[in-house]
$ cat target-v9.cif   # mmCIF, C-alpha atoms and all ligand atoms
data_query
#
loop_
_atom_site.group_PDB
_atom_site.id
_atom_site.type_symbol
_atom_site.label_atom_id
_atom_site.label_comp_id
_atom_site.auth_asym_id
_atom_site.auth_seq_id
_atom_site.Cartn_x
_atom_site.Cartn_y
_atom_site.Cartn_z
ATOM 1 C CA MET L 1 115.807 92.710 95.460
ATOM 2 C CA THR L 2 113.939 95.520 97.164
ATOM 3 C CA ASN L 3 111.934 95.332 100.300
ATOM 4 C CA ARG L 4 109.309 97.751 101.514
ATOM 5 C CA PHE L 5 111.892 99.762 103.469
ATOM 6 C CA ASP L 6 113.862 100.591 100.293
ATOM 7 C CA ALA L 7 110.962 102.337 98.623
ATOM 8 C CA THR L 8 111.101 106.132 98.530
ATOM 9 C CA PRO L 9 108.766 107.154 101.336
ATOM 10 C CA ALA L 10 105.606 108.905 100.204
ATOM 11 C CA GLY L 11 105.349 112.453 101.517
ATOM 12 C CA LEU L 12 103.619 112.949 104.837
ATOM 13 C CA LEU L 13 100.801 114.828 103.075
ATOM 14 C CA ALA L 14 100.843 113.017 99.730
ATOM 15 C CA GLY L 15 97.632 113.459 97.765
ATOM 16 C CA LYS L 16 96.072 115.923 100.202
ATOM 17 C CA VAL L 17 94.610 119.352 99.460
ATOM 18 C CA VAL L 18 95.607 121.801 102.205
ATOM 19 C CA PHE L 19 94.389 125.378 102.709
ATOM 20 C CA ILE L 20 96.776 127.700 104.603
ATOM 21 C CA THR L 21 95.937 131.150 105.963
ATOM 22 C CA GLY L 22 98.633 133.698 106.722
ATOM 23 C CA ALA L 23 100.641 132.079 103.955
ATOM 24 C CA SER L 24 102.254 135.213 102.516
ATOM 25 C CA ARG L 25 105.187 135.156 104.967
ATOM 26 C CA GLY L 26 106.458 133.745 108.266
ATOM 27 C CA ILE L 27 105.118 130.452 109.572
ATOM 28 C CA GLY L 28 102.399 130.199 106.895
ATOM 29 C CA ALA L 29 104.831 130.616 103.991
ATOM 30 C CA ALA L 30 107.182 128.058 105.573
ATOM 31 C CA ALA L 31 104.196 125.720 105.896
ATOM 32 C CA ALA L 32 103.319 126.194 102.219
ATOM 33 C CA ARG L 33 106.826 125.173 101.159
ATOM 34 C CA LEU L 34 106.968 122.246 103.591
ATOM 35 C CA PHE L 35 103.479 120.861 102.928
ATOM 36 C CA ALA L 36 104.061 121.028 99.164
ATOM 37 C CA ARG L 37 107.357 119.176 99.558
ATOM 38 C CA GLU L 38 105.427 116.572 101.578
ATOM 39 C CA GLY L 39 103.104 116.030 98.623
ATOM 40 C CA ALA L 40 100.141 118.327 99.324
ATOM 41 C CA ALA L 41 98.472 120.604 96.803
ATOM 42 C CA VAL L 42 98.389 123.883 98.731
ATOM 43 C CA VAL L 43 96.065 126.881 98.495
ATOM 44 C CA LEU L 44 97.579 129.965 100.104
ATOM 45 C CA ALA L 45 95.542 132.804 101.581
ATOM 46 C CA ALA L 46 96.374 136.261 102.966
ATOM 47 C CA ARG L 47 95.774 139.917 102.018
ATOM 48 C CA GLY L 48 99.098 140.441 100.256
ATOM 49 C CA THR L 49 98.554 139.187 96.714
ATOM 50 C CA ASP L 50 102.099 139.920 95.487
ATOM 51 C CA ALA L 51 103.702 138.160 98.445
ATOM 52 C CA LEU L 52 101.370 135.167 98.043
ATOM 53 C CA ASN L 53 102.203 134.938 94.353
ATOM 54 C CA ARG L 54 105.914 134.894 95.153
ATOM 55 C CA VAL L 55 105.439 131.893 97.477
ATOM 56 C CA VAL L 56 103.241 130.171 94.867
ATOM 57 C CA ALA L 57 105.972 130.681 92.237
ATOM 58 C CA GLU L 58 108.613 129.208 94.579
ATOM 59 C CA VAL L 59 106.505 126.111 95.258
ATOM 60 C CA ARG L 60 105.723 125.618 91.560
ATOM 61 C CA ALA L 61 109.407 126.050 90.660
ATOM 62 C CA GLU L 62 110.125 123.070 92.925
ATOM 63 C CA GLY L 63 107.465 121.036 91.125
ATOM 64 C CA GLY L 64 104.725 121.532 93.703
ATOM 65 C CA VAL L 65 101.054 122.393 93.223
ATOM 66 C CA ALA L 66 100.082 125.784 94.661
ATOM 67 C CA ASP L 67 97.490 128.513 94.129
ATOM 68 C CA ALA L 68 96.811 131.824 95.841
ATOM 69 C CA VAL L 69 93.582 133.394 97.004
ATOM 70 C CA THR L 70 93.427 136.917 98.395
ATOM 71 C CA MET L 71 91.450 137.056 101.633
ATOM 72 C CA ASP L 72 91.006 139.384 104.608
ATOM 73 C CA LEU L 73 90.485 137.606 107.935
ATOM 74 C CA ALA L 74 88.533 140.647 109.160
ATOM 75 C CA ASP L 75 85.930 139.997 106.427
ATOM 76 C CA SER L 76 83.903 136.801 107.007
ATOM 77 C CA ALA L 77 82.538 136.761 103.452
ATOM 78 C CA SER L 78 86.061 136.745 102.024
ATOM 79 C CA ILE L 79 86.993 133.780 104.237
ATOM 80 C CA ARG L 80 84.006 131.790 102.986
ATOM 81 C CA ALA L 81 84.844 132.797 99.402
ATOM 82 C CA ALA L 82 88.417 131.551 99.877
ATOM 83 C CA VAL L 83 87.200 128.129 101.033
ATOM 84 C CA ASP L 84 84.783 128.083 98.066
ATOM 85 C CA ARG L 85 87.791 128.774 95.827
ATOM 86 C CA VAL L 86 89.511 125.671 97.213
ATOM 87 C CA GLU L 87 86.468 123.617 96.250
ATOM 88 C CA GLN L 88 86.438 125.144 92.741
ATOM 89 C CA LEU L 89 90.144 124.364 92.302
ATOM 90 C CA HIS L 90 90.277 120.871 93.764
ATOM 91 C CA GLY L 91 86.748 119.703 94.570
ATOM 92 C CA ARG L 92 87.815 118.721 98.079
ATOM 93 C CA LEU L 93 89.618 119.777 101.237
ATOM 94 C CA ASP L 94 91.706 117.443 103.396
ATOM 95 C CA GLY L 95 93.611 119.848 105.620
ATOM 96 C CA ALA L 96 93.400 123.441 106.832
ATOM 97 C CA PHE L 97 96.096 125.372 108.662
ATOM 98 C CA ASN L 98 94.379 128.414 110.184
ATOM 99 C CA ASN L 99 97.532 130.313 110.921
ATOM 100 C CA GLY L 100 96.997 133.939 109.888
ATOM 101 C CA ALA L 101 96.817 136.504 112.682
ATOM 102 C CA THR L 102 97.796 140.005 113.533
ATOM 103 C CA GLY L 103 99.987 141.201 116.377
ATOM 104 C CA GLN L 104 98.626 143.731 118.844
ATOM 105 C CA SER L 105 99.465 147.060 117.222
ATOM 106 C CA GLN L 106 99.973 148.734 120.601
ATOM 107 C CA PRO L 107 101.364 146.412 123.300
ATOM 108 C CA GLY L 108 99.823 146.543 126.834
ATOM 109 C CA PRO L 109 99.240 147.364 129.599
ATOM 110 C CA LEU L 110 95.669 146.157 129.882
ATOM 111 C CA ASP L 111 94.206 149.507 130.877
ATOM 112 C CA ALA L 112 95.839 151.323 127.947
ATOM 113 C CA THR L 113 94.613 148.888 125.279
ATOM 114 C CA SER L 114 92.329 150.673 122.829
ATOM 115 C CA ASP L 115 88.865 149.572 121.720
ATOM 116 C CA GLU L 116 90.219 149.472 118.152
ATOM 117 C CA ASP L 117 92.937 147.005 119.137
ATOM 118 C CA ILE L 118 90.447 144.795 120.976
ATOM 119 C CA ASP L 119 88.043 144.850 118.023
ATOM 120 C CA GLU L 120 90.805 143.975 115.548
ATOM 121 C CA GLN L 121 92.102 141.166 117.746
ATOM 122 C CA PHE L 122 88.576 139.768 118.080
ATOM 123 C CA ALA L 123 87.841 139.899 114.351
ATOM 124 C CA VAL L 124 91.175 138.704 112.935
ATOM 125 C CA ASN L 125 92.503 136.397 115.649
ATOM 126 C CA PHE L 126 89.295 134.825 116.915
ATOM 127 C CA ARG L 127 86.104 135.287 114.832
ATOM 128 C CA ALA L 128 88.022 134.556 111.611
ATOM 129 C CA HIS L 129 89.005 131.135 112.908
ATOM 130 C CA TRP L 130 85.420 130.358 113.852
ATOM 131 C CA THR L 131 84.251 131.328 110.357
ATOM 132 C CA ALA L 132 87.103 129.502 108.636
ATOM 133 C CA MET L 133 86.699 126.296 110.648
ATOM 134 C CA THR L 134 82.973 126.200 110.004
ATOM 135 C CA ALA L 135 83.412 126.566 106.232
ATOM 136 C CA GLU L 136 86.355 124.153 106.151
ATOM 137 C CA ALA L 137 84.629 121.461 108.199
ATOM 138 C CA ALA L 138 81.503 121.677 106.022
ATOM 139 C CA LEU L 139 83.592 121.043 102.901
ATOM 140 C CA MET L 140 85.648 118.323 104.574
ATOM 141 C CA ARG L 141 82.520 116.541 105.729
ATOM 142 C CA ARG L 142 81.243 116.486 102.137
ATOM 143 C CA THR L 143 84.533 115.084 100.829
ATOM 144 C CA GLY L 144 85.451 112.359 103.313
ATOM 145 C CA GLY L 145 86.728 114.156 106.425
ATOM 146 C CA GLY L 146 89.947 115.973 107.193
ATOM 147 C CA ALA L 147 92.110 117.724 109.737
ATOM 148 C CA ILE L 148 92.308 121.332 110.927
ATOM 149 C CA VAL L 149 95.180 122.971 112.814
ATOM 150 C CA ASN L 150 94.900 126.414 114.412
ATOM 151 C CA THR L 151 97.954 128.468 115.303
ATOM 152 C CA SER L 152 97.624 129.711 118.852
ATOM 153 C CA SER L 153 100.396 131.091 121.025
ATOM 154 C CA ILE L 154 102.306 130.502 124.217
ATOM 155 C CA GLY L 155 100.863 133.921 125.040
ATOM 156 C CA SER L 156 97.458 132.249 125.543
ATOM 157 C CA ARG L 157 98.522 130.097 128.436
ATOM 158 C CA ARG L 158 98.814 132.514 131.362
ATOM 159 C CA ALA L 159 98.303 136.168 132.217
ATOM 160 C CA ASN L 160 99.600 138.244 129.330
ATOM 161 C CA THR L 161 100.476 141.741 130.535
ATOM 162 C CA ALA L 162 102.471 142.543 127.380
ATOM 163 C CA LEU L 163 99.775 141.612 124.814
ATOM 164 C CA PRO L 164 96.494 141.378 126.789
ATOM 165 C CA ALA L 165 94.014 141.397 123.892
ATOM 166 C CA TYR L 166 96.138 139.062 121.746
ATOM 167 C CA GLY L 167 96.518 136.642 124.670
ATOM 168 C CA ALA L 168 92.794 136.675 125.385
ATOM 169 C CA MET L 169 91.829 135.955 121.779
ATOM 170 C CA LYS L 170 94.392 133.175 121.482
ATOM 171 C CA ARG L 171 93.006 131.604 124.655
ATOM 172 C CA ALA L 172 89.517 131.840 123.182
ATOM 173 C CA LEU L 173 90.912 130.154 120.079
ATOM 174 C CA ASN L 174 92.134 127.253 122.229
ATOM 175 C CA SER L 175 88.604 126.918 123.568
ATOM 176 C CA ILE L 176 86.894 126.714 120.163
ATOM 177 C CA THR L 177 89.651 124.395 118.941
ATOM 178 C CA GLU L 178 88.700 121.925 121.671
ATOM 179 C CA THR L 179 84.970 122.463 121.119
ATOM 180 C CA ALA L 180 85.324 121.942 117.362
ATOM 181 C CA ALA L 181 87.334 118.763 117.952
ATOM 182 C CA VAL L 182 84.587 117.274 120.100
ATOM 183 C CA THR L 183 81.791 118.513 117.806
ATOM 184 C CA TRP L 184 83.242 117.120 114.592
ATOM 185 C CA ALA L 185 85.024 113.985 115.856
ATOM 186 C CA PRO L 186 82.027 111.805 114.901
ATOM 187 C CA HIS L 187 82.154 113.316 111.387
ATOM 188 C CA GLY L 188 85.788 112.478 110.628
ATOM 189 C CA VAL L 189 87.224 115.964 111.152
ATOM 190 C CA ARG L 190 90.111 116.282 113.627
ATOM 191 C CA VAL L 191 90.929 119.716 115.088
ATOM 192 C CA ASN L 192 94.109 120.607 116.960
ATOM 193 C CA GLY L 193 96.027 123.718 117.967
ATOM 194 C CA ILE L 194 99.660 124.693 118.248
ATOM 195 C CA THR L 195 100.876 127.081 120.926
ATOM 196 C CA ALA L 196 103.901 128.491 119.156
ATOM 197 C CA GLY L 197 106.568 130.147 121.256
ATOM 198 C CA GLY L 198 108.802 132.991 120.107
ATOM 199 C CA THR L 199 109.444 132.485 116.386
ATOM 200 C CA ALA L 200 111.697 134.529 114.097
ATOM 201 C CA THR L 201 109.168 136.225 111.794
ATOM 202 C CA GLU L 202 108.018 139.729 110.868
ATOM 203 C CA MET L 203 105.463 139.582 113.693
ATOM 204 C CA MET L 204 108.339 139.284 116.154
ATOM 205 C CA ASP L 205 110.266 142.051 114.342
ATOM 206 C CA ALA L 206 107.244 144.340 114.732
ATOM 207 C CA TRP L 207 107.000 143.547 118.454
ATOM 208 C CA GLU L 208 110.720 144.265 118.860
ATOM 209 C CA ALA L 209 110.244 147.621 117.097
ATOM 210 C CA ALA L 210 107.399 148.520 119.499
ATOM 211 C CA THR L 211 109.163 147.108 122.581
ATOM 212 C CA PRO L 212 112.956 147.211 122.121
ATOM 213 C CA GLY L 213 114.675 144.344 123.932
ATOM 214 C CA ILE L 214 111.683 141.960 123.862
ATOM 215 C CA VAL L 215 113.468 139.386 121.661
ATOM 216 C CA LYS L 216 116.357 139.157 124.127
ATOM 217 C CA GLN L 217 113.923 138.920 127.044
ATOM 218 C CA LEU L 218 111.830 136.177 125.422
ATOM 219 C CA THR L 219 114.882 134.236 124.286
ATOM 220 C CA ALA L 220 116.237 134.243 127.850
ATOM 221 C CA ALA L 221 113.041 132.428 128.927
ATOM 222 C CA ILE L 222 113.383 129.670 126.288
ATOM 223 C CA PRO L 223 115.246 126.650 127.734
ATOM 224 C CA MET L 224 116.547 125.766 124.250
ATOM 225 C CA GLY L 225 118.090 129.231 124.162
ATOM 226 C CA ARG L 226 116.769 130.422 120.798
ATOM 227 C CA MET L 227 113.663 131.437 118.879
ATOM 228 C CA ALA L 228 111.998 128.843 116.646
ATOM 229 C CA GLU L 229 112.488 129.017 112.901
ATOM 230 C CA PRO L 230 109.124 129.240 111.077
ATOM 231 C CA ARG L 231 109.691 125.792 109.525
ATOM 232 C CA GLU L 232 109.941 124.189 112.959
ATOM 233 C CA VAL L 233 106.403 125.321 113.803
ATOM 234 C CA ALA L 234 105.178 124.202 110.373
ATOM 235 C CA GLU L 235 106.636 120.709 110.985
ATOM 236 C CA ALA L 236 104.302 120.177 113.934
ATOM 237 C CA ALA L 237 101.352 121.355 111.842
ATOM 238 C CA ALA L 238 102.324 118.942 109.038
ATOM 239 C CA TRP L 239 102.189 115.996 111.411
ATOM 240 C CA LEU L 240 98.876 117.096 112.917
ATOM 241 C CA LEU L 241 97.407 117.450 109.399
ATOM 242 C CA SER L 242 98.700 114.049 108.335
ATOM 243 C CA ASP L 243 97.164 110.620 108.812
ATOM 244 C CA ARG L 244 100.086 109.822 111.114
ATOM 245 C CA SER L 245 98.256 111.698 113.899
ATOM 246 C CA SER L 246 95.001 109.845 113.253
ATOM 247 C CA MET L 247 94.040 109.489 116.942
ATOM 248 C CA VAL L 248 94.997 113.056 117.938
ATOM 249 C CA THR L 249 92.195 115.591 118.238
ATOM 250 C CA GLY L 250 91.473 118.408 120.667
ATOM 251 C CA ALA L 251 95.176 118.714 121.511
ATOM 252 C CA ILE L 252 96.904 122.057 121.997
ATOM 253 C CA VAL L 253 100.525 121.236 121.247
ATOM 254 C CA PRO L 254 103.340 123.518 122.464
ATOM 255 C CA VAL L 255 106.144 124.249 119.970
ATOM 256 C CA ASP L 256 108.185 126.582 122.136
ATOM 257 C CA GLY L 257 111.606 125.161 122.964
ATOM 258 C CA GLY L 258 110.381 124.360 126.471
ATOM 259 C CA ALA L 259 109.369 127.929 127.353
ATOM 260 C CA GLY L 260 105.928 126.879 128.612
ATOM 261 C CA ALA L 261 107.131 123.864 130.550
HETATM 262 N N1 LIG L 301 106.161 134.854 115.587
HETATM 263 C C1 LIG L 301 105.909 134.467 116.827
HETATM 264 O O1 LIG L 301 106.749 134.600 117.738
HETATM 265 C C2 LIG L 301 104.612 133.800 117.170
HETATM 266 C C3 LIG L 301 104.459 133.258 118.472
HETATM 267 C C4 LIG L 301 103.281 132.630 118.799
HETATM 268 C C5 LIG L 301 102.274 132.505 117.871
HETATM 269 N N2 LIG L 301 102.431 133.047 116.611
HETATM 270 C C6 LIG L 301 101.332 132.895 115.683
HETATM 271 O O2 LIG L 301 101.828 132.307 114.494
HETATM 272 C C7 LIG L 301 100.981 132.658 113.393
HETATM 273 C C8 LIG L 301 101.803 133.164 112.236
HETATM 274 O O3 LIG L 301 102.483 134.319 112.649
HETATM 275 P P1 LIG L 301 103.869 134.790 112.023
HETATM 276 O O4 LIG L 301 104.812 134.921 113.161
HETATM 277 O O5 LIG L 301 104.228 133.955 110.859
HETATM 278 O O6 LIG L 301 103.447 136.279 111.614
HETATM 279 P P2 LIG L 301 103.684 137.156 110.300
HETATM 280 O O7 LIG L 301 105.032 136.896 109.737
HETATM 281 O O8 LIG L 301 103.313 138.527 110.706
HETATM 282 O O9 LIG L 301 102.589 136.569 109.292
HETATM 283 C C9 LIG L 301 101.226 136.758 109.533
HETATM 284 C C10 LIG L 301 100.440 136.256 108.343
HETATM 285 O O10 LIG L 301 99.043 136.488 108.597
HETATM 286 C C11 LIG L 301 98.515 137.260 107.530
HETATM 287 N N3 LIG L 301 97.492 138.187 107.997
HETATM 288 C C12 LIG L 301 97.603 139.141 108.954
HETATM 289 N N4 LIG L 301 96.460 139.836 109.062
HETATM 290 C C13 LIG L 301 95.614 139.322 108.132
HETATM 291 C C14 LIG L 301 94.291 139.617 107.725
HETATM 292 N N5 LIG L 301 93.582 140.601 108.299
HETATM 293 N N6 LIG L 301 93.739 138.889 106.738
HETATM 294 C C15 LIG L 301 94.428 137.899 106.134
HETATM 295 N N7 LIG L 301 95.685 137.566 106.468
HETATM 296 C C16 LIG L 301 96.266 138.273 107.452
HETATM 297 C C17 LIG L 301 99.710 138.005 106.932
HETATM 298 O O11 LIG L 301 99.498 138.304 105.561
HETATM 299 P P3 LIG L 301 99.022 139.718 104.961
HETATM 300 O O12 LIG L 301 99.617 140.789 105.819
HETATM 301 O O13 LIG L 301 99.542 139.656 103.570
HETATM 302 O O14 LIG L 301 97.524 139.674 105.020
HETATM 303 C C18 LIG L 301 100.810 136.951 107.068
HETATM 304 O O15 LIG L 301 100.754 136.047 105.985
HETATM 305 C C19 LIG L 301 99.993 133.691 113.969
HETATM 306 O O16 LIG L 301 98.788 133.042 114.299
HETATM 307 C C20 LIG L 301 100.687 134.180 115.222
HETATM 308 O O17 LIG L 301 99.766 134.695 116.158
HETATM 309 C C21 LIG L 301 103.577 133.672 116.241
#
$ encode --input "target-v9.cif" --output "structure tokens"
Amino acid sequence: MTNRFDATPAGLLAGKVVFITGASRGIGAAAARLFAREGAAVVLAARGTDALNRVVAEVRAEGGVADAVTMDLADSASIRAAVDRVEQLHGRLDGAFNNGATGQSQPGPLDATSDEDIDEQFAVNFRAHWTAMTAEAALMRRTGGGAIVNTSSIGSRRANTALPAYGAMKRALNSITETAAVTWAPHGVRVNGITAGGTATEMMDAWEAATPGIVKQLTAAIPMGRMAEPREVAEAAAWLLSDRSSMVTGAIVPVDGGAGA
């Protein structure tokens, strides 16, 4: 005799269509693998078509449903086209993980940060999320509601002398995350953010190359004593995108090993 506890649990995201930006590597690629394993059909977006296709092939090889769409976060029209592509593929959107971003190409100080760096940070790390959320929420509202998660950073929480433009745009992202949550709560769209701490990805490798010793310095400030693995950040996003977080909206959730505590 079986009881309900013997049944194989359905995946956390079973039956959902989830769009993921920055899915060609790092946290976004880990999210693609995890969300697909949890039952979602995933649509992966970034600029790097070859890298996206490799992640798509991995997910399909495991029996998952995945597609790629090439998109540049600096180009608003391409973001809207990517969300349109999701509708063409699946006719609906249940979850969006707005995770793609670029590191500051030249770390601080504040008074040495170039106009080009500020413009890029604004376009890719802030305006893109505004554009993406607006398109995603419009589609979600037509197809029964959904959930959005934006990847912010521990670097948004306080003064950020190392990455001043990046920190400012991530703090602005926290603001529109909260505003979007309140705006769309009556329409069945939840919106949350994650303030990731130091995570072992190419973005961190690039920062280490520009500022040798930064990984050791950041790790020393993490009470858990190590960087996050990309999958550990994706796990928090999976829960926030799932129906298991049905009363959570407007939250900015730290995933940082205690570094911000
Ligand atoms: N790693 C950390 O320690 C850390 C800490 C806090 C927060 N975060 C945040 O976590 C998120 C993921 O970062 P990650 O560490 O996984 O970085 P990553 O390994 O550098 O990956 C960044 C992703 O964003 C995409 N991307 C960058 N610029 C883009 C553009 N203009 N248009 C479209 N896609 C673009 C990249 O793909 P293409 O290059 O192929 O376009 C890639 O898929 C980001 O929001 C980052 O700010 C990371």
$ resolve_selection --input "target-v9.cif" --expression "the PyMOL selection byres (((not hetatm)) within 8 of (chain L and resi 301))" --output "ChimeraX atom specification"
/L:21-29,45-49,51-52,70-75,98-103,124-125,150-155,166,170,195-204,227-228,230
$ resolve_selection --input "target-v9.cif" --expression "the PyMOL selection byres (((chain L and resi 146) around 6) and not hetatm)" --output "PyMOL selection string"
chain L and resi 94-95+140+145+147+189
$ resolve_selection --input "target-v9.cif" --expression "the PyMOL selection byres (((chain L and resi 41) around 12) and not hetatm)" --output "VMD selection string"
chain L and resid 11 13 to 20 31 to 40 42 to 44 56 59 to 60 63 to 68 86 89 to 96
$ closest_residue --input "target-v9.cif" --among "L:Thr131, L:Ser242, L:Thr249, L:Gln88" --to "L:Thr177" --atoms "only C-alpha atoms"
L:Thr249
$ residues_near_point --input "target-v9.cif" --point "(114.7, 131.8, 125.6)" --cutoff "12 Å" --atoms "all atoms listed in the file" --output "list of chain:residue names"
L:Gly197, L:Gly198, L:Thr199, L:Ile214, L:Val215, L:Lys216, L:Gln217, L:Leu218, L:Thr219, L:Ala220, L:Ala221, L:Ile222, L:Pro223, L:Met224, L:Gly225, L:Arg226, L:Met227, L:Ala228, L:Asp256, L:Gly257, L:Gly258, L:Ala259, L:Gly260
$ decode --input "target-v9.cif" --residues "stretch 101-122 of chain L" --atoms "N, CA and C atoms" --output "PDB file, in the first residue's frame"
ATOM      1  N   ALA L 101      24.170  40.113 -16.109  1.00  0.00           N
ATOM      2  CA  ALA L 101      24.754  41.409 -15.737  1.00  0.00           C
ATOM      3  C   ALA L 101      26.209  41.405 -16.144  1.00  0.00           C
ATOM      4  N   THR L 102      26.771  42.590 -16.137  1.00  0.00           N
ATOM      5  CA  THR L 102      28.188  42.695 -16.443  1.00  0.00           C
ATOM      6  C   THR L 102      28.927  43.290 -15.258  1.00  0.00           C
ATOM      7  N   GLY L 103      30.148  42.832 -15.043  1.00  0.00           N
ATOM      8  CA  GLY L 103      30.977  43.405 -13.987  1.00  0.00           C
ATOM      9  C   GLY L 103      31.468  44.776 -14.432  1.00  0.00           C
ATOM     10  N   GLN L 104      31.972  45.546 -13.490  1.00  0.00           N
ATOM     11  CA  GLN L 104      32.511  46.864 -13.853  1.00  0.00           C
ATOM     12  C   GLN L 104      33.875  46.635 -14.486  1.00  0.00           C
ATOM     13  N   SER L 105      34.047  47.086 -15.749  1.00  0.00           N
ATOM     14  CA  SER L 105      35.276  46.686 -16.450  1.00  0.00           C
ATOM     15  C   SER L 105      36.513  47.285 -15.789  1.00  0.00           C
ATOM     16  N   GLN L 106      36.366  48.476 -15.208  1.00  0.00           N
ATOM     17  CA  GLN L 106      37.483  49.065 -14.463  1.00  0.00           C
ATOM     18  C   GLN L 106      36.997  49.307 -13.029  1.00  0.00           C
ATOM     19  N   PRO L 107      37.506  48.541 -12.055  1.00  0.00           N
ATOM     20  CA  PRO L 107      37.065  48.783 -10.674  1.00  0.00           C
ATOM     21  C   PRO L 107      37.352  50.224 -10.239  1.00  0.00           C
ATOM     22  N   GLY L 108      36.763  50.643  -9.071  1.00  0.00           N
ATOM     23  CA  GLY L 108      36.852  52.019  -8.586  1.00  0.00           C
ATOM     24  C   GLY L 108      38.293  52.499  -8.475  1.00  0.00           C
ATOM     25  N   PRO L 109      38.546  53.654  -7.898  1.00  0.00           N
ATOM     26  CA  PRO L 109      37.620  54.423  -7.070  1.00  0.00           C
ATOM     27  C   PRO L 109      36.584  55.234  -7.863  1.00  0.00           C
ATOM     28  N   LEU L 110      35.655  55.765  -7.089  1.00  0.00           N
ATOM     29  CA  LEU L 110      34.535  56.536  -7.622  1.00  0.00           C
ATOM     30  C   LEU L 110      34.975  57.606  -8.621  1.00  0.00           C
ATOM     31  N   ASP L 111      35.995  58.368  -8.254  1.00  0.00           N
ATOM     32  CA  ASP L 111      36.363  59.516  -9.081  1.00  0.00           C
ATOM     33  C   ASP L 111      37.200  59.128 -10.289  1.00  0.00           C
ATOM     34  N   ALA L 112      37.507  57.825 -10.434  1.00  0.00           N
ATOM     35  CA  ALA L 112      38.229  57.383 -11.634  1.00  0.00           C
ATOM     36  C   ALA L 112      37.326  56.559 -12.549  1.00  0.00           C
ATOM     37  N   THR L 113      36.052  56.412 -12.158  1.00  0.00           N
ATOM     38  CA  THR L 113      35.125  55.609 -12.965  1.00  0.00           C
ATOM     39  C   THR L 113      34.735  56.399 -14.222  1.00  0.00           C
ATOM     40  N   SER L 114      34.838  55.726 -15.368  1.00  0.00           N
ATOM     41  CA  SER L 114      34.624  56.431 -16.637  1.00  0.00           C
ATOM     42  C   SER L 114      33.134  56.561 -16.961  1.00  0.00           C
ATOM     43  N   ASP L 115      32.808  57.529 -17.801  1.00  0.00           N
ATOM     44  CA  ASP L 115      31.433  57.676 -18.283  1.00  0.00           C
ATOM     45  C   ASP L 115      30.978  56.404 -18.984  1.00  0.00           C
ATOM     46  N   GLU L 116      31.906  55.771 -19.736  1.00  0.00           N
ATOM     47  CA  GLU L 116      31.547  54.559 -20.485  1.00  0.00           C
ATOM     48  C   GLU L 116      31.127  53.442 -19.525  1.00  0.00           C
ATOM     49  N   ASP L 117      31.867  53.311 -18.425  1.00  0.00           N
ATOM     50  CA  ASP L 117      31.531  52.278 -17.445  1.00  0.00           C
ATOM     51  C   ASP L 117      30.164  52.560 -16.819  1.00  0.00           C
ATOM     52  N   ILE L 118      29.925  53.818 -16.486  1.00  0.00           N
ATOM     53  CA  ILE L 118      28.635  54.177 -15.872  1.00  0.00           C
ATOM     54  C   ILE L 118      27.497  53.910 -16.857  1.00  0.00           C
ATOM     55  N   ASP L 119      27.701  54.281 -18.116  1.00  0.00           N
ATOM     56  CA  ASP L 119      26.648  54.063 -19.120  1.00  0.00           C
ATOM     57  C   ASP L 119      26.371  52.574 -19.305  1.00  0.00           C
ATOM     58  N   GLU L 120      27.437  51.769 -19.356  1.00  0.00           N
ATOM     59  CA  GLU L 120      27.245  50.324 -19.544  1.00  0.00           C
ATOM     60  C   GLU L 120      26.533  49.714 -18.335  1.00  0.00           C
ATOM     61  N   GLN L 121      26.951  50.114 -17.144  1.00  0.00           N
ATOM     62  CA  GLN L 121      26.307  49.604 -15.938  1.00  0.00           C
ATOM     63  C   GLN L 121      24.824  49.975 -15.909  1.00  0.00           C
ATOM     64  N   PHE L 122      24.522  51.201 -16.309  1.00  0.00           N
ATOM     65  CA  PHE L 122      23.113  51.639 -16.338  1.00  0.00           C
ATOM     66  C   PHE L 122      22.315  50.782 -17.318  1.00  0.00           C
TER      67      PHE L 122
END
